[in-house]
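entry.tsv, holding TSV, C-alpha atoms:
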```
chain	number	residue	atom	x	y	z
A	169	MET	CA	-27.09	20.28	35.63
A	170	ILE	CA	-23.99	18.78	33.98
A	171	ASP	CA	-21.43	21.12	32.45
A	172	MET	CA	-21.20	20.46	28.65
A	173	PRO	CA	-17.36	20.47	28.36
A	174	PHE	CA	-17.27	17.94	31.22
A	175	LEU	CA	-19.78	15.76	29.38
A	176	TYR	CA	-17.75	15.92	26.14
A	177	ALA	CA	-14.58	15.01	28.02
A	178	ALA	CA	-16.32	12.05	29.65
A	179	ILE	CA	-17.57	10.82	26.27
A	180	VAL	CA	-14.08	11.09	24.75
A	181	ILE	CA	-12.55	9.16	27.65
A	182	MET	CA	-15.18	6.43	27.30
A	183	LEU	CA	-14.51	6.17	23.55
A	184	ILE	CA	-10.77	5.84	24.17
A	185	LEU	CA	-11.35	3.09	26.73
A	186	ILE	CA	-13.67	1.25	24.34
A	187	ALA	CA	-11.13	1.59	21.49
A	188	ARG	CA	-8.35	0.23	23.74
A	189	GLU	CA	-10.46	-2.77	24.71
A	190	PHE	CA	-11.45	-3.38	21.08
A	191	LEU	CA	-7.81	-3.33	19.93
A	192	LYS	CA	-6.84	-5.69	22.73
A	193	ARG	CA	-9.60	-8.21	22.00
A	194	LYS	CA	-9.73	-8.07	18.22
A	195	PHE	CA	-6.07	-7.63	17.31
A	196	ASN	CA	-4.29	-8.66	20.54
A	197	PHE	CA	-2.77	-5.16	20.67
A	198	ASP	CA	-2.09	-3.88	24.17
A	199	MET	CA	-1.61	-0.12	24.18
A	200	ASP	CA	0.01	-0.25	27.63
A	201	ASN	CA	2.91	-2.35	26.36
A	202	VAL	CA	3.78	-0.69	23.06
A	203	ASP	CA	7.41	-0.86	21.99
A	204	SER	CA	8.10	2.39	20.12
A	205	THR	CA	11.18	0.97	18.36
A	206	LYS	CA	9.04	-1.74	16.74
A	207	LEU	CA	6.51	0.85	15.61
A	208	LYS	CA	9.23	3.05	14.12
A	209	ALA	CA	10.70	0.06	12.29
A	210	LEU	CA	7.26	-0.86	10.97
A	211	PHE	CA	6.63	2.63	9.56
A	212	ALA	CA	10.17	2.93	8.20
A	213	SER	CA	9.73	-0.29	6.24
A	214	LYS	CA	6.49	1.00	4.69
A	215	LYS	CA	8.02	4.22	3.31
A	216	GLY	CA	9.80	2.63	0.38
A	217	SER	CA	7.01	0.22	-0.52
A	218	ILE	CA	5.47	2.49	-3.19
A	219	LYS	CA	7.58	2.39	-6.30
A	220	LYS	CA	6.88	4.33	-9.46
A	221	ALA	CA	7.07	2.44	-12.67
A	222	THR	CA	9.72	3.69	-15.02
A	223	GLY	CA	9.59	3.52	-18.75
A	224	ASP	CA	10.55	5.26	-21.93
A	225	LYS	CA	7.47	7.46	-22.44
A	226	SER	CA	7.10	11.20	-22.04
A	227	LEU	CA	3.94	13.21	-21.53
A	228	VAL	CA	3.94	16.45	-23.50
A	229	LEU	CA	1.47	19.30	-22.94
A	230	ILE	CA	0.43	20.71	-26.31
A	231	SER	CA	-2.14	23.22	-25.04
A	232	ALA	CA	-3.77	24.01	-21.71
A	233	GLY	CA	-7.07	24.90	-23.33
A	234	ASP	CA	-9.47	27.50	-22.00
A	235	ASN	CA	-9.18	26.77	-18.28
A	236	LYS	CA	-5.48	27.07	-17.42
A	237	ALA	CA	-6.13	27.27	-13.67
A	238	THR	CA	-7.84	23.88	-13.58
A	239	VAL	CA	-5.11	22.31	-15.69
A	240	MET	CA	-2.48	23.77	-13.36
A	241	ALA	CA	-4.31	22.45	-10.29
A	242	THR	CA	-4.62	18.98	-11.81
A	243	LEU	CA	-0.98	19.02	-12.86
A	244	ARG	CA	0.06	19.98	-9.32
A	245	GLN	CA	-1.97	17.10	-7.88
A	246	ILE	CA	-0.49	14.59	-10.30
A	247	THR	CA	3.15	15.63	-10.08
A	248	GLY	CA	3.43	17.37	-6.70
A	249	ILE	CA	5.10	20.47	-8.15
A	250	ASP	CA	4.47	23.93	-6.77
A	251	TYR	CA	2.28	26.66	-8.25
A	252	ASN	CA	5.08	28.60	-9.99
A	253	GLU	CA	6.49	25.51	-11.70
A	254	ALA	CA	3.01	24.46	-12.89
A	255	LYS	CA	2.40	27.98	-14.23
A	256	LYS	CA	5.72	27.91	-16.14
A	257	LEU	CA	4.90	24.55	-17.71
A	258	VAL	CA	1.39	25.60	-18.74
A	259	ASP	CA	2.48	28.99	-20.09
A	260	SER	CA	5.38	27.54	-22.08
A	261	ALA	CA	3.34	24.86	-23.89
A	262	PRO	CA	4.35	22.73	-25.70
A	263	SER	CA	6.38	21.41	-22.77
A	264	VAL	CA	7.35	18.03	-21.36
A	265	LEU	CA	5.40	17.43	-18.17
A	266	MET	CA	6.75	14.00	-17.28
A	267	SER	CA	9.48	11.84	-18.73
A	268	ASN	CA	10.69	8.27	-18.26
A	269	ILE	CA	7.26	7.00	-17.27
A	270	SER	CA	5.45	3.83	-18.21
A	271	GLU	CA	2.80	3.66	-20.92
A	272	ALA	CA	0.07	3.02	-18.33
A	273	GLU	CA	1.11	5.96	-16.15
A	274	ALA	CA	1.35	8.26	-19.18
A	275	ASP	CA	-2.10	7.19	-20.39
A	276	LEU	CA	-3.68	7.65	-16.95
A	277	ASN	CA	-2.20	11.13	-16.49
A	278	LYS	CA	-3.11	12.10	-20.04
A	279	LYS	CA	-6.75	11.15	-19.43
A	280	ALA	CA	-6.84	13.13	-16.18
A	281	LEU	CA	-5.47	16.27	-17.81
A	282	GLU	CA	-7.61	15.91	-20.93
A	283	PHE	CA	-10.66	15.66	-18.68
A	284	VAL	CA	-10.01	19.23	-17.50
A	285	GLY	CA	-9.45	20.55	-21.02
A	286	ALA	CA	-5.74	20.14	-21.81
A	287	LYS	CA	-4.39	18.71	-25.05
A	288	LEU	CA	-1.53	16.23	-24.56
A	289	GLU	CA	0.62	13.83	-26.48
A	290	ILE	CA	2.51	10.72	-25.40
A	291	LYS	CA	5.93	10.36	-27.02
```

What is this file in structure tokens?
Amino acid sequence: MIDMPFLYAAIVIMLILIAREFLKRKFNFDMDNVDSTKLKALFASKKGSIKKATGDKSLVLISAGDNKATVMATLRQITGIDYNEAKKLVDSAPSVLMSNISEAEADLNKKALEFVGAKLEIK
């Protein structure tokens, strides 16, 4: 009888070999001859490719509504702030959540926060 961990290891090795062959045939990418400096340069050039639009609009939280926790979670996802900062902004409403953003970004974030029960205003 075959030992199960041995079987899993054999399957993983076969999948790696198949993936290597696929990359070589489909994309002409040879994993044996990878130049790490080229890969680092490729990833470094991609970091700055996402640029936020700037504008003259501000998003102001008027009220968090009944479900403050959901508004805080959504706010954290949108802005990337930590829990304590989100709690301060929600508790001190009316407060400016975002400033110097474009009309489109303000509208999109307003819709996302209104969906979870917050009341907002774009100024």

Can you tell me, as a PyMOL selection string, what residues are no more than 9 Å from Met199 of chain A when counting all atoms listed in the file, ignoring any on the same chain fewer than 5 positions away? chain A and resi 188+191-192

Could you tell me how far atom CA of Ile246 of chain A sits from atom CA of Ala274 of chain A, in Å to one decimal place?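 Computing it gives 11.1 Å between the two atoms.
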
Spatial neighbours of Leu276 of chain A, 12 Å, all atoms listed in the file, chain gap at least 4 places, as a PyMOL selection string: chain A and resi 227+246+269-272+280-283+288+290

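Take atom CA of Gln245 of chain A and atom CA of Val284 of chain A: the distance between them is 12.7 Å.
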
Separation of atom CA of Asp203 of chain A from atom CA of Ile179 of chain A in Å: 27.9 Å

Could you give me, as a list in words, the residues that have an atom at most 8 Å away from the point (6.4, 15.7, -18.3) in the coordinates of the file, using all atoms listed in the file?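 Within the cut-off we find Ser226, Leu227, Val228, Leu229, Ser263, Val264, Leu265, Met266 and Ser267 of chain A.
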
If you count only C-alpha atoms, which residues fall within 10 Å of Asp259 of chain A, apart from same-chain ones fewer than 6 positions away, as a list in words?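 What passes the distance filter is Ser231, Ala232, Lys236, Met240 and Glu253 of chain A.
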
Put a box with edges along x, y and z around all the listed atoms of segment 247-266 of chain A, pad it by 8 Å on each side, then give me its centre and sizes in Å, one decimal, as lines of an AutoDock Vina configuration file.
```
center_x = 4.4
center_y = 21.5
center_z = -16.2
size_x = 22.0
size_y = 31.0
size_z = 35.0
```
